[in-house]
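Engineer: Okay, here's the structure, questions in a sec.
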Amino acid sequence: MRTEILAFLKKYDFSFFGGALAIFIIGVLNLYSATHTNPSVAFQNLYLDQILRFSVGCGLAFGISFIDSKTMFRFSYIFYIFNILLLMLVLVLGQKGMGAQRWLVFGPIRFQPSELMKLSLVMALARYYSRNNPEKIMEIKDLIIPGILTLIPTILIVIQPDLGTGLLLILIFSIITFYKRISYRAILILSVIALLAGSVMYTFGLKDYQKRRISTFLNPQEDARGSGYNAIQSQIAIGSGRFLGKGFKKSSQASLQFLPENHTDFVFSIFNEEHGFFGSVVLISLYVILLSRFIWLSGSVLKFFDSVVVIGLMSIFFWHIFINMCMVMGLLPIVGLPLPFMSFGGSSIITYCLVIGIATSISNSRNLF
Amino acid sequence: MFGEEDLIKIHKERSLKINTIVIISFFIIILRLWYLQIYQGEIYHAYSIKNRLRKEVLWAPRGQIFGRGKELLVDNVPRFDAVLIPQYFKNKKETMNRLSSILKVEVKDIKAVLAKNLGQAKYRPIIIKKNISLKELAKIETENDFLPGISVETFISREYKDQEVGAHLFGYISEISSQQLPKIKNKHNVTYRLGDFIGQAGIEQEFDHYLRGVNGYSFVEVDALGRKKKYINTDNLFKGIEDLPAVPGNNIFLTIDRDLQKAAYEALKEKTGGVVAMEVETGKILSMVSTPAFDPSQFSRGLSSEYWNNLRNNPENPMRDRTIQDHFSPGSVFKPFTGITALEENIIDHNSHLRCHGTFKLGSRTYHSWKRYGTEKVNIVNALTQSCNIFFYKVASEMDIDVLAKYSQSFGFGKRTGIPLPREASGLIPTKLWKQKRFGVPWQLGETLSCSIGQSFVLVTVLQLANAYAALANEGTLFRPYVVEKITNFRGEEIKSFEPKVINKIDLNSKTWKSIREGLYKVANHPTGTAFWRRGLGNQMAGKTGTSQVIRANADKLYTKCINLPYEHRHHGVFVAFAPYDNPKISVAVLVEHGCGGSSAAAPIAEKVITKYMQKYLPDAYEKNKEKEKKQLAIIYKSRQKKKEESANPATVE
């Protein structure tokens, strides 16, 4: 019995959990530093809440790591359809939160189906690509079905309205599709179409506050009085960290409340202010190591479905990290995407844990089963 | 066909490219970090040290509320609080001593306040004294240099000029609570935030989206002593930073007459109840008062716990608007509608005479009259004048409840009038179907009898009564009552105006109108009328008294003096009237809870409101009528005197 457990532990891949835990510890300390001066006790205790959520998430993830990928394959479409129904349910009876309908409430649990949709989409696309001419280099006409699979949830999420998550689904789709091999000609054509569609949508489809965010990004000084204020304060926070930072709990931007949302979207700014360029390079390295592990895994699994799933999961992390960092540094508009394991956020941290759980399961399937 | 392993192999090329994309992406991020933190690090560091720029909310002044004579009824008044900002608080002992002498607050009290707020962020102002005087304000400002960390915060307080008068109509404002926020977020395209003030009742609530302005913001610089000054932009980084001025809210002009409002409140304030007065020809509300009331100004100042406890523990519940939020059995004021049904459905005609005295037996139950009458028979006019129950019982015994419901509903009973004010009660007009649904048992004829005199299931609001009697006065036009005449923006431009709106035209036989109106006239203008001695000379008022039983009365109780009953068992007094009879302009409904009689408790209040109206709007007619009625009264007195003498000296007659 004992040897069995030892053998199991030897084969079990703890690298994903390990990487996540390392980043999470940094994240919790940073969250504590960002909120401990807040006059509201609720804010001061956010980090405890975050630890609880992470623990619950890891518990779930550990459970999921024992589901083998064949089962995931079998249920991928059902899971996807179920998730679409949940998104529709949100639109019908969702609770209003932050001016948009994103939440479903089951007793004490509030959750966002749009978070889960990231996973469902990865699964559904992986199943489709691994079963329909997996060896073929795709042209535009081959993208019709996967395109529809992506657009249905995207539209449902954008009308919530949650533009950030909607666009994220398209970005996840594009990395998976790139991996599945699409011709470069098709990529070029799609880029042109995306550019045109983007301009049309900007003109006709965006709400005022969404437009304002984008124009603020393009020219922060112009609307510094409104949302640009956040962007500038964030840059001051980051820049003022210099090489080694001001030190733990020493962020003046956070403690003086110059920076709003410093526990969600702008945690990276606080981290930079306190730990400087050096600290950020360490943090980014941790993220890169974690992402590389995903990419490595995609080439060492036995099933093509698994491989596509792993790339999809990697892309979820990658886009969150990249977009969040860019937006707080003034390289992208503020779209409200959290930084994995660093930002406070209920549904999102559970999603990240689930990503870790699925990746671990796929990794284990190489040698455990 | 490829095997799974081959598939993965041929995709390696793409995964390597993805890896490259990831690396390049993070390289860009590190490059940007290097630019911000190393290349420009010193500049940003300098910014962060002197960064005392803060975005502060400029609260938009809330719209003002005016009466129909353009008198300012609700206004905003700046209030000043002395605050202490711990971050800049220095020379503590000296500063506290100086502050204590200026504000006349003991040092130990200041210390206590500070101790209470010890855990707070240091830049957060702590309120030392609320609502300081202008003198104290001036002292703090002039001695500013010796008071590090002490400053004055301005706060706009909502002031209701007439305090308790019309409190329920205006409502009040207070901070949005966190439980409330999710429910009202984004209502009327207004984004409400925690900490915002919002109308919580009455006009303040219903018209909140008009009254509230749009907050602006301004950038202020905080100096080393914690004083704020206007931010003057010298840095390139903040180029283009600009204040956004607040847009004041819209002003509301009411149909309410301030004098009538005051008269109604004065008459009612010692009692518990409600008064509604409205224009007969438009549906405009002239006065709307409920007692006991509260002072709405207290709420925007931050309610003292003492004041709040007093309100909460008052068994009469002063927060309730008794004019629209409560419904009750109307009692005899409902009889005109029973009379109309009987006449229109030919159950009786204008000359049908029925007895008033004695009792009316239906099955095993005996129905009583409300007082002991003489034995003469009466027609519909006199039945109303004397409020004769037996007459209406007899009529009702031949009446279908659904038909009575149809006629009363046409006068607006049983549903909300639609006045734009929150939480209006609908009242109740029972039907057979309703009873079957509600209780699962069929309708009883006995219940029709009770309903015919406004008891049993019939429930009305004060507003519904005033509105229905306005329709009696103008012979058939039922208006939607309204309180807001127009809304203008802060520049004075009209943005919305409200016109009278007819919600029903009641088509009755002209003889029916005549009989019913005559009955109501005689109530107040014939010596046998129940309100004759309360009419007020010159008003030419027509009306009806009513007594709403709080508990079911048996024969004994019925004739015990109401005033001898325990307070909560006493009847409600109701009186509804319109005036002047020849050319009706105003209708008034009065409810006095536990006031015993409609005639003794409620009618005098209506009389005062109507007299005020007549004196203000129809002074000529008022004086003329007064002279005429005085003469009539003199004749009545004379004949009474004669009768008295005759009965005192029967011998001389012989």
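Chain labels run A, B, ... following the order of the structure tokens; each chain numbers its residues from 1, and ligands are numbered from 1 in the order shown.
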Could you pull out the residues in region 16-200 of chain A that DSSP calls strand (DSSP E or B) from the backbone, as a VMD selection string?
Structural biologist: chain A and resid 95 to 97 100 to 106 109 to 111 138 182
Engineer: Okay, now the selection with N, CA, C and O atoms, as a PDB file, in the first residue's frame?
Structural biologist:
ATOM      1  N   GLN A  95     -28.026  38.018 -12.252  1.00  0.00           N
ATOM      2  CA  GLN A  95     -28.005  39.111 -11.292  1.00  0.00           C
ATOM      3  C   GLN A  95     -27.194  40.238 -11.874  1.00  0.00           C
ATOM      4  O   GLN A  95     -26.167  40.034 -12.477  1.00  0.00           O
ATOM      5  N   LYS A  96     -27.680  41.439 -11.629  1.00  0.00           N
ATOM      6  CA  LYS A  96     -26.907  42.580 -12.111  1.00  0.00           C
ATOM      7  C   LYS A  96     -25.721  42.816 -11.196  1.00  0.00           C
ATOM      8  O   LYS A  96     -25.864  42.950 -10.002  1.00  0.00           O
ATOM      9  N   GLY A  97     -24.551  42.835 -11.774  1.00  0.00           N
ATOM     10  CA  GLY A  97     -23.353  43.142 -11.003  1.00  0.00           C
ATOM     11  C   GLY A  97     -22.460  43.989 -11.864  1.00  0.00           C
ATOM     12  O   GLY A  97     -22.267  43.705 -13.037  1.00  0.00           O
ATOM     13  N   ALA A 100     -23.443  45.005 -15.464  1.00  0.00           N
ATOM     14  CA  ALA A 100     -23.607  44.045 -16.543  1.00  0.00           C
ATOM     15  C   ALA A 100     -24.131  42.740 -15.956  1.00  0.00           C
ATOM     16  O   ALA A 100     -23.951  42.453 -14.788  1.00  0.00           O
ATOM     17  N   GLN A 101     -24.805  41.967 -16.792  1.00  0.00           N
ATOM     18  CA  GLN A 101     -25.346  40.705 -16.297  1.00  0.00           C
ATOM     19  C   GLN A 101     -24.330  39.606 -16.542  1.00  0.00           C
ATOM     20  O   GLN A 101     -24.189  39.121 -17.645  1.00  0.00           O
ATOM     21  N   ARG A 102     -23.634  39.204 -15.497  1.00  0.00           N
ATOM     22  CA  ARG A 102     -22.610  38.181 -15.678  1.00  0.00           C
ATOM     23  C   ARG A 102     -22.762  37.039 -14.708  1.00  0.00           C
ATOM     24  O   ARG A 102     -22.156  36.006 -14.862  1.00  0.00           O
ATOM     25  N   TRP A 103     -23.579  37.248 -13.683  1.00  0.00           N
ATOM     26  CA  TRP A 103     -23.561  36.293 -12.589  1.00  0.00           C
ATOM     27  C   TRP A 103     -24.764  35.360 -12.609  1.00  0.00           C
ATOM     28  O   TRP A 103     -25.848  35.755 -12.968  1.00  0.00           O
ATOM     29  N   LEU A 104     -24.522  34.162 -12.146  1.00  0.00           N
ATOM     30  CA  LEU A 104     -25.622  33.264 -11.783  1.00  0.00           C
ATOM     31  C   LEU A 104     -25.469  32.998 -10.298  1.00  0.00           C
ATOM     32  O   LEU A 104     -24.359  32.889  -9.802  1.00  0.00           O
ATOM     33  N   VAL A 105     -26.601  32.886  -9.614  1.00  0.00           N
ATOM     34  CA  VAL A 105     -26.526  32.681  -8.180  1.00  0.00           C
ATOM     35  C   VAL A 105     -27.186  31.361  -7.811  1.00  0.00           C
ATOM     36  O   VAL A 105     -28.338  31.113  -8.150  1.00  0.00           O
ATOM     37  N   PHE A 106     -26.418  30.482  -7.180  1.00  0.00           N
ATOM     38  CA  PHE A 106     -26.982  29.254  -6.632  1.00  0.00           C
ATOM     39  C   PHE A 106     -26.742  29.286  -5.142  1.00  0.00           C
ATOM     40  O   PHE A 106     -25.640  28.984  -4.687  1.00  0.00           O
ATOM     41  N   ILE A 109     -23.476  30.575  -3.643  1.00  0.00           N
ATOM     42  CA  ILE A 109     -22.432  30.608  -4.669  1.00  0.00           C
ATOM     43  C   ILE A 109     -22.852  31.486  -5.831  1.00  0.00           C
ATOM     44  O   ILE A 109     -23.929  31.322  -6.407  1.00  0.00           O
ATOM     45  N   ARG A 110     -21.986  32.444  -6.154  1.00  0.00           N
ATOM     46  CA  ARG A 110     -22.212  33.255  -7.345  1.00  0.00           C
ATOM     47  C   ARG A 110     -21.148  32.863  -8.346  1.00  0.00           C
ATOM     48  O   ARG A 110     -19.986  32.755  -8.004  1.00  0.00           O
ATOM     49  N   PHE A 111     -21.529  32.622  -9.579  1.00  0.00           N
ATOM     50  CA  PHE A 111     -20.439  32.358 -10.502  1.00  0.00           C
ATOM     51  C   PHE A 111     -20.770  32.843 -11.899  1.00  0.00           C
ATOM     52  O   PHE A 111     -21.912  33.103 -12.256  1.00  0.00           O
ATOM     53  N   MET A 138      -5.310  23.910 -42.839  1.00  0.00           N
ATOM     54  CA  MET A 138      -6.652  24.432 -43.092  1.00  0.00           C
ATOM     55  C   MET A 138      -6.636  25.707 -43.921  1.00  0.00           C
ATOM     56  O   MET A 138      -5.708  26.508 -43.847  1.00  0.00           O
ATOM     57  N   ILE A 182      -3.054  26.305 -39.801  1.00  0.00           N
ATOM     58  CA  ILE A 182      -3.865  27.008 -40.777  1.00  0.00           C
ATOM     59  C   ILE A 182      -2.862  27.654 -41.720  1.00  0.00           C
ATOM     60  O   ILE A 182      -1.759  28.030 -41.298  1.00  0.00           O
TER      61      ILE A 182
END
Engineer: If we count only C-alpha atoms and set the cut-off at 12 Å, which residues sit around Leu268 (chain B), ignoring sequence neighbours fewer than 3 positions away in its own chain? Please answer as JSON, numbers by chain.
Structural biologist: {"B": [164, 165, 166, 261, 262, 263, 264, 265, 271, 272, 273, 274, 275, 276, 288, 289, 290, 291, 292, 293, 590, 591, 592, 593, 595, 601, 602, 603, 604, 605, 606, 607, 608, 609]}
Engineer: Would you work out the distance separating CA of Phe299 (chain B) from CA of Val462 (chain B), expressed in Å to one decimal?
Structural biologist: 26.4 Å
Engineer: Tell me, in Å to one decimal, how far CA of Ser55 (chain A) is from CA of Phe24 (chain A).
Structural biologist: 10.7 Å
Engineer: Work out how far CA of Ser297 (chain B) is from CA of Gly213 (chain B), in Å to one decimal.
Structural biologist: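 Between CA of Gly213 (chain B) and CA of Ser297 (chain B) the gap is 19.1 Å.
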Engineer: Just the residues within 6 Å of Leu421 (chain B), please, counting only C-alpha atoms, with nothing from its chain fewer than 2 positions along; format it as a count of residues only.
Structural biologist: 3
Engineer: Please provide as a PyMOL selection string all residues within 8 Å of Asn272 (chain A), with the sequence filter that same-chain residues fewer than 3 positions apart are discarded (counting only C-alpha atoms).
Structural biologist: chain A and resi 237-239+241+245+268-269+275-277+279-280
Engineer: For N, CA, C and O atoms, I'd like the residues from the last selection saved as a CSV table (one decimal), in the first residue's frame.
Structural biologist:
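Result file out_10.csv:
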chain,number,residue,atom,x,y,z
A,237,ALA,N,2.9,54.4,-10.7
A,237,ALA,CA,3.2,53.4,-9.7
A,237,ALA,C,4.3,52.5,-10.2
A,237,ALA,O,5.3,52.2,-9.5
A,238,ILE,N,4.1,52.0,-11.5
A,238,ILE,CA,5.1,51.1,-12.0
A,238,ILE,C,6.5,51.8,-12.1
A,238,ILE,O,7.5,51.2,-11.6
A,239,GLY,N,6.5,52.9,-12.7
A,239,GLY,CA,7.8,53.6,-13.0
A,239,GLY,C,8.5,53.9,-11.7
A,239,GLY,O,9.7,53.8,-11.6
A,241,GLY,N,8.8,52.4,-9.1
A,241,GLY,CA,9.5,51.2,-8.5
A,241,GLY,C,10.9,51.1,-8.8
A,241,GLY,O,11.7,50.5,-8.0
A,245,GLY,N,12.5,48.5,-6.3
A,245,GLY,CA,11.2,48.8,-5.7
A,245,GLY,C,11.3,49.5,-4.4
A,245,GLY,O,12.3,49.6,-3.8
A,268,PHE,N,-0.7,44.3,-10.6
A,268,PHE,CA,0.7,44.3,-11.2
A,268,PHE,C,1.4,45.6,-11.0
A,268,PHE,O,2.6,45.7,-10.8
A,269,SER,N,0.6,46.7,-11.0
A,269,SER,CA,1.2,48.0,-10.8
A,269,SER,C,1.8,48.1,-9.4
A,269,SER,O,2.9,48.6,-9.2
A,275,HIS,N,8.3,46.1,-5.8
A,275,HIS,CA,9.4,45.2,-6.0
A,275,HIS,C,10.2,45.5,-7.3
A,275,HIS,O,11.2,44.8,-7.6
A,276,GLY,N,9.8,46.6,-8.0
A,276,GLY,CA,10.7,47.1,-9.0
A,276,GLY,C,10.9,46.2,-10.2
A,276,GLY,O,10.2,45.2,-10.4
A,277,PHE,N,11.8,46.6,-11.1
A,277,PHE,CA,12.1,45.8,-12.3
A,277,PHE,C,12.6,44.4,-12.0
A,277,PHE,O,12.1,43.5,-12.6
A,279,GLY,N,11.9,42.5,-9.3
A,279,GLY,CA,10.8,41.7,-8.9
A,279,GLY,C,10.0,41.2,-10.1
A,279,GLY,O,9.5,40.1,-10.2
A,280,SER,N,9.7,42.2,-11.0
A,280,SER,CA,8.9,41.9,-12.1
A,280,SER,C,9.5,40.8,-13.0
A,280,SER,O,8.8,39.9,-13.5
Engineer: Excluding same-chain residues fewer than 5 positions from Lys70 (chain A), what lies within 12 Å of it counting only C-alpha atoms, as a list in words?
Structural biologist: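 The filter keeps Phe75, Ser76, Met123, Arg127, Leu302, Lys303, Phe304, Phe305, Asp306, Ser361, Ile362, Ser365 and Phe369 of chain A.
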Engineer: What lies within 7 Å of Thr351 (chain A) using only C-alpha atoms, ignoring chain neighbours under 4 positions off, as a list of chain:residue names?
Structural biologist: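 Counting only the stated atoms, we get A:Glu115, A:Leu116, A:Ser347, A:Val355.
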Engineer: Those residues with all heavy atoms, as a short mmCIF file (atom, residue, chain, number, x, y, z; two decimals), in the first residue's frame please?
Structural biologist:
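So selection_3.cif came out as:
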data_model
loop_
_atom_site.label_atom_id
_atom_site.label_comp_id
_atom_site.auth_asym_id
_atom_site.auth_seq_id
_atom_site.Cartn_x
_atom_site.Cartn_y
_atom_site.Cartn_z
N GLU A 115 -16.68 32.58 -17.41
CA GLU A 115 -15.37 32.09 -17.01
C GLU A 115 -15.19 30.64 -17.45
O GLU A 115 -14.18 30.26 -18.03
CB GLU A 115 -15.23 32.17 -15.48
CG GLU A 115 -14.89 33.54 -14.95
CD GLU A 115 -13.52 34.00 -15.39
OE1 GLU A 115 -12.63 33.14 -15.58
OE2 GLU A 115 -13.32 35.21 -15.58
N LEU A 116 -16.22 29.84 -17.16
CA LEU A 116 -16.18 28.42 -17.49
C LEU A 116 -16.12 28.22 -19.00
O LEU A 116 -15.59 27.23 -19.51
CB LEU A 116 -17.44 27.77 -16.92
CG LEU A 116 -17.31 26.32 -16.46
CD1 LEU A 116 -16.20 26.20 -15.44
CD2 LEU A 116 -18.63 25.86 -15.87
N SER A 347 -14.64 34.03 -9.45
CA SER A 347 -14.79 33.01 -10.49
C SER A 347 -13.47 32.76 -11.19
O SER A 347 -13.14 31.62 -11.51
CB SER A 347 -15.81 33.46 -11.53
OG SER A 347 -17.10 33.49 -10.99
N VAL A 355 -7.84 24.95 -14.85
CA VAL A 355 -6.86 24.81 -15.93
C VAL A 355 -5.69 23.96 -15.46
O VAL A 355 -5.26 23.02 -16.14
CB VAL A 355 -6.36 26.20 -16.39
CG1 VAL A 355 -5.15 26.07 -17.30
CG2 VAL A 355 -7.47 26.96 -17.09
#
